[in-house]
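K.L.:
Input file: structure_11.txt. Contents: compact mmCIF, C-alpha atoms.
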```
# COMPACT_ATOMS: atom_id res chain seq x y z
CA MET A 1 -31.78 16.34 66.67
CA ASP A 2 -32.77 14.70 63.40
CA LEU A 3 -33.45 16.39 60.09
CA GLU A 4 -37.10 16.39 59.11
CA ARG A 5 -36.76 18.58 56.03
CA CYS A 6 -34.37 21.06 54.48
CA VAL A 7 -35.69 23.60 51.97
CA ILE A 8 -33.12 25.38 49.83
CA VAL A 9 -34.48 28.55 48.26
CA LEU A 10 -32.77 29.69 45.08
CA ARG A 11 -32.61 33.29 43.90
CA ASN A 12 -35.04 32.44 41.07
CA HIS A 13 -37.56 31.54 43.86
CA MET A 14 -37.35 27.82 43.08
CA GLU A 15 -37.38 25.65 46.22
CA ILE A 16 -35.60 22.32 46.55
CA THR A 17 -36.82 20.11 49.40
CA CYS A 18 -34.46 17.51 50.84
CA ASP A 19 -35.23 14.78 53.37
CA SER A 20 -31.65 13.85 54.31
CA VAL A 21 -28.52 15.66 55.40
CA GLU A 22 -26.53 14.04 52.59
CA HIS A 23 -29.00 15.18 49.92
CA SER A 24 -29.10 18.69 51.40
CA LEU A 25 -25.29 18.97 51.39
CA GLY A 26 -25.16 17.68 47.81
CA VAL A 27 -27.67 20.26 46.60
CA ILE A 28 -25.81 23.06 48.39
CA GLU A 29 -22.48 21.92 46.92
CA ASN A 30 -23.91 21.63 43.39
CA ASN A 31 -25.39 25.15 43.42
CA HIS A 32 -23.10 28.13 43.58
CA SER A 33 -23.52 30.10 46.80
CA ASP A 34 -24.66 33.13 44.82
CA GLU A 35 -27.61 31.07 43.50
CA ILE A 36 -28.93 30.26 47.01
CA SER A 37 -30.91 32.94 48.80
CA ALA A 38 -31.96 31.08 51.96
CA ILE A 39 -31.99 27.70 53.64
CA LYS A 40 -34.75 26.52 55.97
CA ILE A 41 -34.13 23.53 58.23
CA ASP A 42 -36.79 21.64 60.19
CA ALA A 43 -35.28 19.36 62.82
CA SER A 44 -36.93 17.08 65.36
CA ASP A 45 -35.77 16.53 68.92
CA GLY A 46 -37.94 13.42 69.19
CA SER A 47 -41.10 15.18 70.32
CA ASN A 48 -41.07 18.65 68.72
CA ILE A 49 -40.05 20.06 65.37
CA HIS A 50 -37.89 23.17 65.43
CA SER A 51 -37.53 25.44 62.38
CA TYR A 52 -34.39 27.37 61.55
CA HIS A 53 -33.90 29.92 58.78
CA PHE A 54 -30.43 30.77 57.50
CA ASN A 55 -29.32 33.47 55.09
CA THR A 56 -25.71 32.31 54.92
CA ILE A 57 -24.36 29.08 53.51
CA ASP A 58 -21.76 28.71 56.27
CA GLU A 59 -24.34 28.78 59.10
CA SER A 60 -26.60 26.30 57.35
CA LEU A 61 -23.72 23.92 56.57
CA GLU A 62 -22.62 23.98 60.20
CA SER A 63 -26.16 23.25 61.38
CA LEU A 64 -26.63 20.41 58.89
CA MET A 65 -23.33 18.83 59.91
CA ASN A 66 -24.51 18.83 63.55
CA LEU A 67 -27.63 16.77 62.71
```
Represent the structure of the file as structure tokens.
P.N.:
Amino acid sequence: MDLERCVIVLRNHMEITCDSVEHSLGVIENNHSDEISAIKIDASDGSNIHSYHFNTIDESLESLMNL
């Protein structure tokens, strides 16, 4: 699967949209985990886009690393 988009939602309701795994990981690392409220990942399998919603940093990091 390939990353289409990663949206990082901060507790102040600001959303940061990333188009690469590296950018997504950098944004997550630069924001303290208590500042992030959710992470939404859209990934493509070549023909369909699948959306995933994570409430924990650990789950989202694991998913990003697998893309």
K.L.:
Between A:Leu25, A:Leu10, A:Met1, A:Cys18, which one has atoms that come closest to Ser47 in chain A, using all atoms listed in the file?
P.N.:
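Closest to Ser47 in chain A, using all atoms listed in the file: A:Met1.
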K.L.:
Would you compute the distance between CA of Ile41 in chain A and CA of Glu22 in chain A? Give it in Å to one decimal.
P.N.:
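So the answer is 13.4 Å.
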K.L.:
Suppose you want the space between CA of His23 in chain A and CA of Asp42 in chain A; what is it in Å?
P.N.:
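So the answer is 14.4 Å.
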K.L.:
Please report the interatomic distance between CA of Asp45 in chain A and CA of Asp2 in chain A in Å with one decimal.
P.N.:
6.5 Å
K.L.:
Need the shell around Asn31 in chain A: protein/DNA/RNA residues with any atom at most 12 Å away, counting all atoms listed in the file. Skip same-chain ones fewer than 5 positions apart. Format as a list of chain:residue names?
P.N.:
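Final neighbour list, sorted by chain and number: A:Ile8, A:Val9, A:Leu10, A:Arg11, A:Ile16, A:Ser24, A:Leu25, A:Gly26, A:Ile36, A:Ser37, A:Ile57.
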K.L.:
Need to verify the contact set: Asn66 in chain A, 10 Å, all atoms listed in the file, exclusion of same-chain residues closer than 2 positions in sequence. Can you return it as a list in words?
P.N.:
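The residues that qualify are Met1, Asp2, Leu3, Val21, Ser60, Leu61, Glu62, Ser63 and Leu64 of chain A.
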K.L.:
I need the chosen residues saved as a PDB file, keeping the file's coordinate frame, with C-alpha atoms.
P.N.:
```pdb
ATOM      1  CA  MET A   1     -31.780  16.340  66.670  1.00  0.00           C
ATOM      2  CA  ASP A   2     -32.770  14.700  63.400  1.00  0.00           C
ATOM      3  CA  LEU A   3     -33.450  16.390  60.090  1.00  0.00           C
ATOM      4  CA  VAL A  21     -28.520  15.660  55.400  1.00  0.00           C
ATOM      5  CA  SER A  60     -26.600  26.300  57.350  1.00  0.00           C
ATOM      6  CA  LEU A  61     -23.720  23.920  56.570  1.00  0.00           C
ATOM      7  CA  GLU A  62     -22.620  23.980  60.200  1.00  0.00           C
ATOM      8  CA  SER A  63     -26.160  23.250  61.380  1.00  0.00           C
ATOM      9  CA  LEU A  64     -26.630  20.410  58.890  1.00  0.00           C
TER      10      LEU A  64
END
```
K.L.:
For a quick check of understanding, using only C-alpha atoms, which of A:Leu67, A:Cys6, A:Val27, A:Met14 has the smallest distance to Phe54 in chain A?
P.N.:
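Of A:Leu67, A:Cys6, A:Val27, A:Met14, the one nearest Phe54 in chain A is A:Cys6, counting only C-alpha atoms.
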K.L.:
Closest to Asn48 in chain A among A:Glu15, A:Glu4, A:Asp34, A:Glu29, using all atoms listed in the file?
P.N.:
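Once distances to Asn48 in chain A are computed over all atoms listed in the file, the minimum belongs to A:Glu4.
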